[in-house]
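With PDB, C-alpha atoms and all ligand atoms inside, this is work-v9.pdb:
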ATOM      1  CA  MET A  18       0.000   0.000   0.000
ATOM      2  CA  ALA A  19       1.433   3.360  -0.978
ATOM      3  CA  ALA A  20       1.898   5.722   1.923
ATOM      4  CA  ASN A  21      -0.425   8.678   2.067
ATOM      5  CA  TYR A  22      -1.580  10.898   4.882
ATOM      6  CA  ALA A  23      -4.860   9.071   5.374
ATOM      7  CA  ASN A  24      -3.025   5.925   6.367
ATOM      8  CA  VAL A  25      -0.371   7.848   8.276
ATOM      9  CA  ASN A  26      -3.035   9.342  10.493
ATOM     10  CA  ALA A  27      -4.825   6.024  10.782
ATOM     11  CA  VAL A  28      -1.827   4.669  12.651
ATOM     12  CA  TRP A  29      -2.456   6.913  15.653
ATOM     13  CA  PRO A  30      -5.126   6.222  18.246
ATOM     14  CA  ASP A  31      -7.323   9.156  19.216
ATOM     15  CA  HIS A  32      -5.959  10.139  22.604
ATOM     16  CA  ALA A  33      -2.398   9.007  22.889
ATOM     17  CA  PRO A  34      -0.613  10.150  26.063
ATOM     18  CA  ALA A  35       2.397  12.435  25.639
ATOM     19  CA  PRO A  36       5.748  10.890  26.502
ATOM     20  CA  SER A  37       7.735  11.943  29.542
ATOM     21  CA  PRO A  38      10.920  13.913  28.805
ATOM     22  CA  GLN A  39      12.987  10.757  29.290
ATOM     23  CA  GLU A  40      10.753   8.716  26.968
ATOM     24  CA  ALA A  41      10.793  11.488  24.353
ATOM     25  CA  LEU A  42      14.589  11.686  24.339
ATOM     26  CA  THR A  43      15.052   7.911  24.222
ATOM     27  CA  GLY A  44      12.458   7.591  21.465
ATOM     28  CA  ALA A  45      13.714  10.535  19.399
ATOM     29  CA  ARG A  46      17.204   9.015  19.268
ATOM     30  CA  LYS A  47      15.758   5.778  17.892
ATOM     31  CA  LEU A  48      13.416   7.538  15.466
ATOM     32  CA  VAL A  49      16.169   9.706  14.010
ATOM     33  CA  ARG A  50      18.330   6.616  13.484
ATOM     34  CA  LEU A  51      15.434   4.764  11.844
ATOM     35  CA  ALA A  52      14.392   7.732   9.674
ATOM     36  CA  LEU A  53      17.901   8.096   8.285
ATOM     37  CA  THR A  54      17.772   4.529   6.945
ATOM     38  CA  LEU A  55      14.782   5.430   4.754
ATOM     39  CA  GLY A  56      16.595   7.206   1.950
ATOM     40  CA  ARG A  57      16.726   6.394  -1.722
ATOM     41  CA  GLU A  58      16.807   2.678  -2.450
ATOM     42  CA  GLY A  59      20.344   1.361  -2.308
ATOM     43  CA  SER A  60      21.690   4.429  -0.499
ATOM     44  CA  LEU A  61      23.634   3.925   2.695
ATOM     45  CA  PRO A  62      21.921   4.942   5.917
ATOM     46  CA  GLN A  63      23.126   8.309   7.157
ATOM     47  CA  LYS A  64      24.157   8.971  10.714
ATOM     48  CA  TYR A  65      23.255  11.912  12.892
ATOM     49  CA  ARG A  66      26.252  12.655  15.089
ATOM     50  CA  GLY A  67      25.002  15.563  17.180
ATOM     51  CA  LYS A  68      23.567  15.381  20.650
ATOM     52  CA  PHE A  69      19.960  15.462  21.850
ATOM     53  CA  ALA A  70      18.356  17.894  24.268
ATOM     54  CA  LEU A  71      14.874  18.796  25.453
ATOM     55  CA  THR A  72      12.855  21.782  24.442
ATOM     56  CA  SER A  73       9.271  22.791  25.207
ATOM     57  CA  GLY A  74       6.339  25.017  24.343
ATOM     58  CA  VAL A  75       5.590  25.594  20.675
ATOM     59  CA  ARG A  76       9.073  24.680  19.451
ATOM     60  CA  ARG A  77       9.187  21.797  17.009
ATOM     61  CA  CYS A  78      11.702  18.954  17.112
ATOM     62  CA  TRP A  79      14.613  20.098  14.996
ATOM     63  CA  THR A  80      18.372  20.539  14.929
ATOM     64  CA  ARG A  81      20.121  23.723  15.948
ATOM     65  CA  ASN A  82      23.804  24.140  16.777
ATOM     66  CA  ARG A  83      24.582  20.432  16.397
ATOM     67  CA  THR A  84      21.832  19.603  18.854
ATOM     68  CA  PHE A  85      18.576  17.819  18.111
ATOM     69  CA  TYR A  86      15.963  19.557  20.242
ATOM     70  CA  VAL A  87      13.103  17.285  21.256
ATOM     71  CA  ASN A  88       9.776  18.645  22.464
ATOM     72  CA  PRO A  89       7.880  15.898  24.359
ATOM     73  CA  ASP A  90       4.559  17.680  23.879
ATOM     74  CA  ASN A  91       4.299  20.495  21.404
ATOM     75  CA  THR A  92       1.574  22.830  22.613
ATOM     76  CA  ARG A  93       0.656  24.102  19.150
ATOM     77  CA  GLY A  94       1.284  21.549  16.363
ATOM     78  CA  PHE A  95       0.662  17.843  16.785
ATOM     79  CA  HIS A  96       0.926  16.777  20.407
ATOM     80  CA  GLY A  97       3.148  14.123  21.928
ATOM     81  CA  TRP A  98       4.514  11.298  19.825
ATOM     82  CA  LYS A  99       2.540  12.394  16.795
ATOM     83  CA  GLY A 100       4.336  15.750  16.838
ATOM     84  CA  ILE A 101       7.738  14.152  17.397
ATOM     85  CA  VAL A 102       7.214  11.728  14.506
ATOM     86  CA  HIS A 103       5.869  14.488  12.264
ATOM     87  CA  ASP A 104       8.830  16.803  12.888
ATOM     88  CA  ILE A 105      11.519  14.132  12.676
ATOM     89  CA  SER A 106      10.082  12.807   9.412
ATOM     90  CA  HIS A 107      10.273  16.293   7.857
ATOM     91  CA  TRP A 108      13.793  16.788   9.175
ATOM     92  CA  ALA A 109      14.910  13.417   7.775
ATOM     93  CA  GLY A 110      13.130  13.952   4.436
ATOM     94  CA  ARG A 111      15.080  17.137   3.907
ATOM     95  CA  ARG A 112      18.314  15.427   4.743
ATOM     96  CA  LEU A 113      17.704  12.318   2.661
ATOM     97  CA  TYR A 114      16.339  13.855  -0.555
ATOM     98  CA  ARG A 115      17.867  16.849  -2.222
ATOM     99  CA  ASP A 116      14.717  17.457  -4.281
ATOM    100  CA  TYR A 117      12.445  16.913  -1.294
ATOM    101  CA  SER A 118       9.326  18.975  -0.946
ATOM    102  CA  PRO A 119       7.364  18.826   2.302
ATOM    103  CA  HIS A 120       4.431  16.430   2.238
ATOM    104  CA  ASP A 121       5.410  14.512  -0.856
ATOM    105  CA  HIS A 122       4.972  10.742  -0.980
ATOM    106  CA  ARG A 123       8.499  10.145   0.358
ATOM    107  CA  HIS A 124       7.755  12.197   3.426
ATOM    108  CA  ALA A 125       4.493  10.320   3.913
ATOM    109  CA  PHE A 126       6.421   7.046   3.775
ATOM    110  CA  ILE A 127       8.944   8.182   6.402
ATOM    111  CA  GLU A 128       6.240   9.557   8.690
ATOM    112  CA  ARG A 129       4.183   6.424   8.413
ATOM    113  CA  THR A 130       7.155   4.145   9.064
ATOM    114  CA  LEU A 131       8.053   6.084  12.207
ATOM    115  CA  ALA A 132       4.443   6.210  13.414
ATOM    116  CA  GLU A 133       4.111   2.441  13.040
ATOM    117  CA  HIS A 134       7.381   1.956  14.870
ATOM    118  CA  VAL A 135       6.083   3.968  17.824
ATOM    119  CA  VAL A 136       2.739   2.214  17.991
ATOM    120  CA  ARG A 137       3.926  -1.339  17.330
ATOM    121  CA  ASN A 138       6.684  -1.155  19.898
ATOM    122  CA  GLY A 139       4.322  -0.036  22.618
ATOM    123  CA  TRP A 140       5.854   3.381  23.128
ATOM    124  CA  LEU A 141       2.365   4.816  23.655
ATOM    125  CA  ASP A 142       1.992   2.370  26.528
ATOM    126  CA  GLY A 143       5.211   3.400  28.218
ATOM    127  CA  LYS A 144       7.587   0.765  26.835
ATOM    128  CA  LEU A 145      10.403   3.323  26.812
ATOM    129  CA  LYS A 146       9.977   4.263  30.464
ATOM    130  CA  ARG A 147      13.145   3.733  32.443
ATOM    131  CA  GLU A 148      13.167   3.847  36.204
ATOM    132  CA  PRO A 149      15.796   6.234  37.483
ATOM    133  CA  LYS A 150      18.766   4.193  38.635
ATOM    134  CA  PRO A 151      18.569   3.416  42.352
ATOM    135  CA  LYS A 152      21.402   4.888  44.376
ATOM    136  CA  PRO A 153      24.019   2.217  44.913
ATOM    137  CA  GLU A 154      23.804   0.755  48.429
ATOM    138  CA  ILE A 155      26.851   2.076  50.222
ATOM    139  CA  ASP A 156      28.771  -0.619  52.048
ATOM    140  CA  ARG A 157      29.569   1.368  55.189
ATOM    141  CA  ILE A 158      31.854  -1.213  56.747
ATOM    142  CA  ALA A 159      33.939  -1.491  53.585
ATOM    143  CA  LEU A 160      34.025   2.292  53.374
ATOM    144  CA  ARG A 161      35.351   2.651  56.954
ATOM    145  CA  ALA A 162      37.898  -0.116  56.408
ATOM    146  CA  ALA A 163      39.147   1.681  53.293
ATOM    147  CA  ARG A 164      39.454   4.963  55.226
ATOM    148  CA  ILE A 165      41.488   3.265  57.975
ATOM    149  CA  GLU A 166      43.735   1.732  55.353
ATOM    150  CA  ALA A 167      44.297   5.126  53.765
ATOM    151  CA  ARG A 168      45.189   6.641  57.152
ATOM    152  CA  ILE A 169      47.650   3.832  57.864
ATOM    153  CA  LYS A 170      49.296   4.415  54.497
ATOM    154  CA  ALA A 171      49.560   8.149  55.196
ATOM    155  CA  TRP A 172      51.225   7.523  58.576
ATOM    156  CA  GLU A 173      53.573   4.970  57.065
ATOM    157  CA  THR A 174      54.686   7.592  54.563
ATOM    158  CA  LYS A 175      55.273  10.060  57.385
ATOM    159  CA  ARG A 176      57.247   7.438  59.300
ATOM    160  CA  ARG A 177      59.464   6.782  56.273
ATOM    161  CA  ARG A 178      60.151  10.495  55.895
ATOM    162  CA  ALA A 179      60.913  10.826  59.614
ATOM    163  CA  GLU A 180      63.307   7.878  59.471
ATOM    164  CA  ASN A 181      65.103   9.360  56.462
ATOM    165  CA  ALA A 182      65.378  12.746  58.182
ATOM    166  CA  LEU A 183      66.713  11.147  61.394
ATOM    167  CA  ALA A 184      69.260   9.084  59.451
ATOM    168  CA  ALA A 185      70.562  12.217  57.720
ATOM    169  CA  LEU A 186      70.791  14.118  61.028
ATOM    170  CA  ARG A 187      72.595  11.227  62.756
ATOM    171  CA  LYS A 188      75.150  11.199  59.982
ATOM    172  CA  LYS A 189      75.829  14.915  60.535
ATOM    173  CA  GLN A 190      75.924  14.322  64.264
ATOM    174  CA  ARG A 191      78.593  11.626  63.829
ATOM    175  CA  TYR A 192      80.627  13.997  61.698
ATOM    176  CA  TYR A 193      80.626  16.736  64.351
ATOM    177  CA  ARG A 194      81.397  14.285  67.159
ATOM    178  CA  LEU A 195      84.455  13.094  65.260
ATOM    179  CA  ALA A 196      85.453  16.677  64.469
ATOM    180  CA  LYS A 197      85.346  17.525  68.195
ATOM    181  CA  ALA A 198      87.465  14.497  69.066
ATOM    182  CA  SER A 199      90.252  15.444  66.578
ATOM    183  CA  PRO A 200      90.047  19.198  65.737
ATOM    184  CA  VAL A 201      92.532  18.857  62.828
ATOM    185  CA  ARG A 202      89.874  17.208  60.736
ATOM    186  CA  ALA A 203      87.314  19.897  61.339
ATOM    187  CA  GLY A 204      88.328  22.198  58.481
ATOM    188  CA  PRO A 205      91.071  24.132  56.726
ATOM    189  CA  ASP A 206      91.416  26.700  59.557
ATOM    190  CA  GLN A 207      92.853  24.087  61.838
ATOM    191  CA  THR A 208      95.389  22.689  59.400
ATOM    192  CA  GLY A 209      97.832  25.566  59.937
ATOM    193  CA  LEU A 210      97.978  26.152  56.187
ATOM    194  CA  GLY A 211      95.126  28.659  55.919
TER
HETATM  195 ZN    ZN A 301       3.927  18.038   7.894
END
The structure in this file should be written as structure tokens.
Amino acid sequence: MAANYANVNAVWPDHAPAPSPQEALTGARKLVRLALTLGREGSLPQKYRGKFALTSGVRRCWTRNRTFYVNPDNTRGFHGWKGIVHDISHWAGRRLYRDYSPHDHRHAFIERTLAEHVVRNGWLDGKLKREPKPKPEIDRIALRAARIEARIKAWETKRRRAENALAALRKKQRYYRLAKASPVRAGPDQTGLG
């Protein structure tokens, strides 16, 4: 079946919930990757190498300054996933076809493919939801043991430095004791030649 806007719109249920910011970002990354595989037959899939960030309000999903801005719920155009799919399909159409004109059959094909991807993979039902990572349980005993070990190491370093300093001072001390015992060795002044 050729893609046209009647069957693009038929893909969407009537009241689809808007994605959360996390779902929108996760989904947009996947949709951009998928859309860029839908170029001319036999052409290699392109890659988008910029980053993704959130936007809001009436701003559409689009690239600016090497960033793909994703609006989870456009308040003016199409809402929620429908808006995200609509914008990304236009963005990709422009990138994939030099002679692209908005809303031609190639755009309809991209938009429909993305819309089906969203619906079939359960994104409207929250399949992209990720729980925030739980904070890692801190092992307090291991933490204290590690701190003690670090303190021992620090004191051992200090001890080594103290031992080296004492050894150097004892050497000097020996020298002056010997010098006192036989003044001739103490320096040139005592040799009678100076
Ligand atoms: Zn459009």
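What the PyMOL selection byres (((not hetatm)) within 7 of (chain A and resi 301)) matches in the given file is His103, His107, Pro119 and His120 of chain A.
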Tell me which residues come within 8 Å of (15.9, 11.5, 7.9), as number ranges by chain, counting all atoms listed in the file in the file's coordinates. A: 49-56, 63, 105-113, 127
What is the distance, in Å and to one decimal place, between CA of Phe85 (chain A) and CA of Leu131 (chain A)? 16.8 Å
Ground truth for the PyMOL selection byres (((chain A and resi 43) around 12) and not hetatm), written as a compact mmCIF listing (two decimals) with C-alpha atoms, keeping the file's coordinate frame:
# COMPACT_ATOMS: atom_id res chain seq x y z
CA PRO A 36 5.75 10.89 26.50
CA SER A 37 7.74 11.94 29.54
CA PRO A 38 10.92 13.91 28.80
CA GLN A 39 12.99 10.76 29.29
CA GLU A 40 10.75 8.72 26.97
CA ALA A 41 10.79 11.49 24.35
CA LEU A 42 14.59 11.69 24.34
CA GLY A 44 12.46 7.59 21.46
CA ALA A 45 13.71 10.54 19.40
CA ARG A 46 17.20 9.02 19.27
CA LYS A 47 15.76 5.78 17.89
CA LEU A 48 13.42 7.54 15.47
CA VAL A 49 16.17 9.71 14.01
CA ARG A 50 18.33 6.62 13.48
CA LYS A 68 23.57 15.38 20.65
CA PHE A 69 19.96 15.46 21.85
CA ALA A 70 18.36 17.89 24.27
CA LEU A 71 14.87 18.80 25.45
CA VAL A 87 13.10 17.28 21.26
CA PRO A 89 7.88 15.90 24.36
CA TRP A 98 4.51 11.30 19.82
CA ILE A 101 7.74 14.15 17.40
CA VAL A 135 6.08 3.97 17.82
CA TRP A 140 5.85 3.38 23.13
CA GLY A 143 5.21 3.40 28.22
CA LYS A 144 7.59 0.76 26.84
CA LEU A 145 10.40 3.32 26.81
CA LYS A 146 9.98 4.26 30.46
CA ARG A 147 13.14 3.73 32.44
Nearest residue to Ala35 (chain A) from the set A:Asn138, A:Thr92, A:Asn181, A:Gln190 (distances using all atoms listed in the file):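 Nearest candidate to Ala35 (chain A) out of A:Asn138, A:Thr92, A:Asn181, A:Gln190: A:Thr92.
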Atom pair CA of Arg161 (chain A) / CA of Glu173 (chain A): separation (Å):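 Computed distance, CA of Arg161 (chain A) to CA of Glu173 (chain A), equals 18.4 Å.
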Could you work out how far CA of Lys170 (chain A) lies from CA of Ile155 (chain A), giving the answer in Å with one decimal?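 Separating CA of Ile155 (chain A) from CA of Lys170 (chain A) is a distance of 23.0 Å.
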Could region 29-60 of chain A be completed with N, CA and C atoms and returned as a PDB file, in the frame of the given file?
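Just written: result.pdb:
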ATOM      1  N   TRP A  29      -2.375   6.371  14.286  1.00  0.00           N
ATOM      2  CA  TRP A  29      -2.456   6.913  15.653  1.00  0.00           C
ATOM      3  C   TRP A  29      -3.811   6.680  16.291  1.00  0.00           C
ATOM      4  N   PRO A  30      -3.837   6.264  17.535  1.00  0.00           N
ATOM      5  CA  PRO A  30      -5.126   6.222  18.246  1.00  0.00           C
ATOM      6  C   PRO A  30      -5.567   7.651  18.578  1.00  0.00           C
ATOM      7  N   ASP A  31      -6.789   7.809  19.022  1.00  0.00           N
ATOM      8  CA  ASP A  31      -7.323   9.156  19.216  1.00  0.00           C
ATOM      9  C   ASP A  31      -6.643   9.946  20.330  1.00  0.00           C
ATOM     10  N   HIS A  32      -6.492   9.350  21.483  1.00  0.00           N
ATOM     11  CA  HIS A  32      -5.959  10.139  22.604  1.00  0.00           C
ATOM     12  C   HIS A  32      -4.709   9.491  23.171  1.00  0.00           C
ATOM     13  N   ALA A  33      -3.646   9.615  22.425  1.00  0.00           N
ATOM     14  CA  ALA A  33      -2.398   9.007  22.889  1.00  0.00           C
ATOM     15  C   ALA A  33      -1.768   9.908  23.953  1.00  0.00           C
ATOM     16  N   PRO A  34      -1.257   9.319  25.044  1.00  0.00           N
ATOM     17  CA  PRO A  34      -0.613  10.150  26.063  1.00  0.00           C
ATOM     18  C   PRO A  34       0.716  10.684  25.553  1.00  0.00           C
ATOM     19  N   ALA A  35       1.099  11.867  26.026  1.00  0.00           N
ATOM     20  CA  ALA A  35       2.397  12.435  25.639  1.00  0.00           C
ATOM     21  C   ALA A  35       3.493  11.711  26.418  1.00  0.00           C
ATOM     22  N   PRO A  36       4.646  11.563  25.801  1.00  0.00           N
ATOM     23  CA  PRO A  36       5.748  10.890  26.502  1.00  0.00           C
ATOM     24  C   PRO A  36       6.337  11.794  27.584  1.00  0.00           C
ATOM     25  N   SER A  37       6.972  11.170  28.555  1.00  0.00           N
ATOM     26  CA  SER A  37       7.735  11.943  29.542  1.00  0.00           C
ATOM     27  C   SER A  37       8.991  12.465  28.843  1.00  0.00           C
ATOM     28  N   PRO A  38       9.675  13.434  29.430  1.00  0.00           N
ATOM     29  CA  PRO A  38      10.920  13.913  28.805  1.00  0.00           C
ATOM     30  C   PRO A  38      11.910  12.780  28.539  1.00  0.00           C
ATOM     31  N   GLN A  39      12.055  11.885  29.490  1.00  0.00           N
ATOM     32  CA  GLN A  39      12.987  10.757  29.290  1.00  0.00           C
ATOM     33  C   GLN A  39      12.543   9.878  28.124  1.00  0.00           C
ATOM     34  N   GLU A  40      11.252   9.546  28.074  1.00  0.00           N
ATOM     35  CA  GLU A  40      10.753   8.716  26.968  1.00  0.00           C
ATOM     36  C   GLU A  40      10.945   9.418  25.632  1.00  0.00           C
ATOM     37  N   ALA A  41      10.678  10.734  25.606  1.00  0.00           N
ATOM     38  CA  ALA A  41      10.793  11.488  24.353  1.00  0.00           C
ATOM     39  C   ALA A  41      12.229  11.477  23.843  1.00  0.00           C
ATOM     40  N   LEU A  42      13.178  11.670  24.756  1.00  0.00           N
ATOM     41  CA  LEU A  42      14.589  11.686  24.339  1.00  0.00           C
ATOM     42  C   LEU A  42      15.031  10.307  23.848  1.00  0.00           C
ATOM     43  N   THR A  43      14.688   9.271  24.621  1.00  0.00           N
ATOM     44  CA  THR A  43      15.052   7.911  24.222  1.00  0.00           C
ATOM     45  C   THR A  43      14.446   7.584  22.868  1.00  0.00           C
ATOM     46  N   GLY A  44      13.158   7.903  22.707  1.00  0.00           N
ATOM     47  CA  GLY A  44      12.458   7.591  21.465  1.00  0.00           C
ATOM     48  C   GLY A  44      12.986   8.385  20.282  1.00  0.00           C
ATOM     49  N   ALA A  45      13.252   9.682  20.502  1.00  0.00           N
ATOM     50  CA  ALA A  45      13.714  10.535  19.399  1.00  0.00           C
ATOM     51  C   ALA A  45      15.034  10.010  18.842  1.00  0.00           C
ATOM     52  N   ARG A  46      15.922   9.576  19.741  1.00  0.00           N
ATOM     53  CA  ARG A  46      17.204   9.015  19.268  1.00  0.00           C
ATOM     54  C   ARG A  46      16.950   7.842  18.320  1.00  0.00           C
ATOM     55  N   LYS A  47      16.036   6.961  18.717  1.00  0.00           N
ATOM     56  CA  LYS A  47      15.758   5.778  17.892  1.00  0.00           C
ATOM     57  C   LYS A  47      15.070   6.179  16.585  1.00  0.00           C
ATOM     58  N   LEU A  48      14.158   7.143  16.673  1.00  0.00           N
ATOM     59  CA  LEU A  48      13.416   7.538  15.466  1.00  0.00           C
ATOM     60  C   LEU A  48      14.324   8.222  14.451  1.00  0.00           C
ATOM     61  N   VAL A  49      15.245   9.033  14.931  1.00  0.00           N
ATOM     62  CA  VAL A  49      16.169   9.706  14.010  1.00  0.00           C
ATOM     63  C   VAL A  49      17.018   8.655  13.303  1.00  0.00           C
ATOM     64  N   ARG A  50      17.501   7.667  14.095  1.00  0.00           N
ATOM     65  CA  ARG A  50      18.330   6.616  13.484  1.00  0.00           C
ATOM     66  C   ARG A  50      17.521   5.855  12.426  1.00  0.00           C
ATOM     67  N   LEU A  51      16.279   5.510  12.787  1.00  0.00           N
ATOM     68  CA  LEU A  51      15.434   4.764  11.844  1.00  0.00           C
ATOM     69  C   LEU A  51      15.134   5.611  10.599  1.00  0.00           C
ATOM     70  N   ALA A  52      14.769   6.874  10.813  1.00  0.00           N
ATOM     71  CA  ALA A  52      14.392   7.732   9.674  1.00  0.00           C
ATOM     72  C   ALA A  52      15.537   7.852   8.674  1.00  0.00           C
ATOM     73  N   LEU A  53      16.759   7.901   9.192  1.00  0.00           N
ATOM     74  CA  LEU A  53      17.901   8.096   8.285  1.00  0.00           C
ATOM     75  C   LEU A  53      18.264   6.834   7.505  1.00  0.00           C
ATOM     76  N   THR A  54      17.570   5.728   7.773  1.00  0.00           N
ATOM     77  CA  THR A  54      17.772   4.529   6.945  1.00  0.00           C
ATOM     78  C   THR A  54      16.785   4.500   5.787  1.00  0.00           C
ATOM     79  N   LEU A  55      15.883   5.502   5.719  1.00  0.00           N
ATOM     80  CA  LEU A  55      14.782   5.430   4.754  1.00  0.00           C
ATOM     81  C   LEU A  55      15.031   6.279   3.508  1.00  0.00           C
ATOM     82  N   GLY A  56      16.276   6.416   3.138  1.00  0.00           N
ATOM     83  CA  GLY A  56      16.595   7.206   1.950  1.00  0.00           C
ATOM     84  C   GLY A  56      16.329   6.443   0.663  1.00  0.00           C
ATOM     85  N   ARG A  57      16.847   6.996  -0.406  1.00  0.00           N
ATOM     86  CA  ARG A  57      16.726   6.394  -1.722  1.00  0.00           C
ATOM     87  C   ARG A  57      17.139   4.926  -1.675  1.00  0.00           C
ATOM     88  N   GLU A  58      16.485   4.104  -2.447  1.00  0.00           N
ATOM     89  CA  GLU A  58      16.807   2.678  -2.450  1.00  0.00           C
ATOM     90  C   GLU A  58      18.277   2.477  -2.806  1.00  0.00           C
ATOM     91  N   GLY A  59      18.944   1.644  -2.026  1.00  0.00           N
ATOM     92  CA  GLY A  59      20.344   1.361  -2.308  1.00  0.00           C
ATOM     93  C   GLY A  59      21.309   2.357  -1.692  1.00  0.00           C
ATOM     94  N   SER A  60      20.780   3.452  -1.121  1.00  0.00           N
ATOM     95  CA  SER A  60      21.690   4.429  -0.499  1.00  0.00           C
ATOM     96  C   SER A  60      22.032   3.968   0.914  1.00  0.00           C
TER      97      SER A  60
END
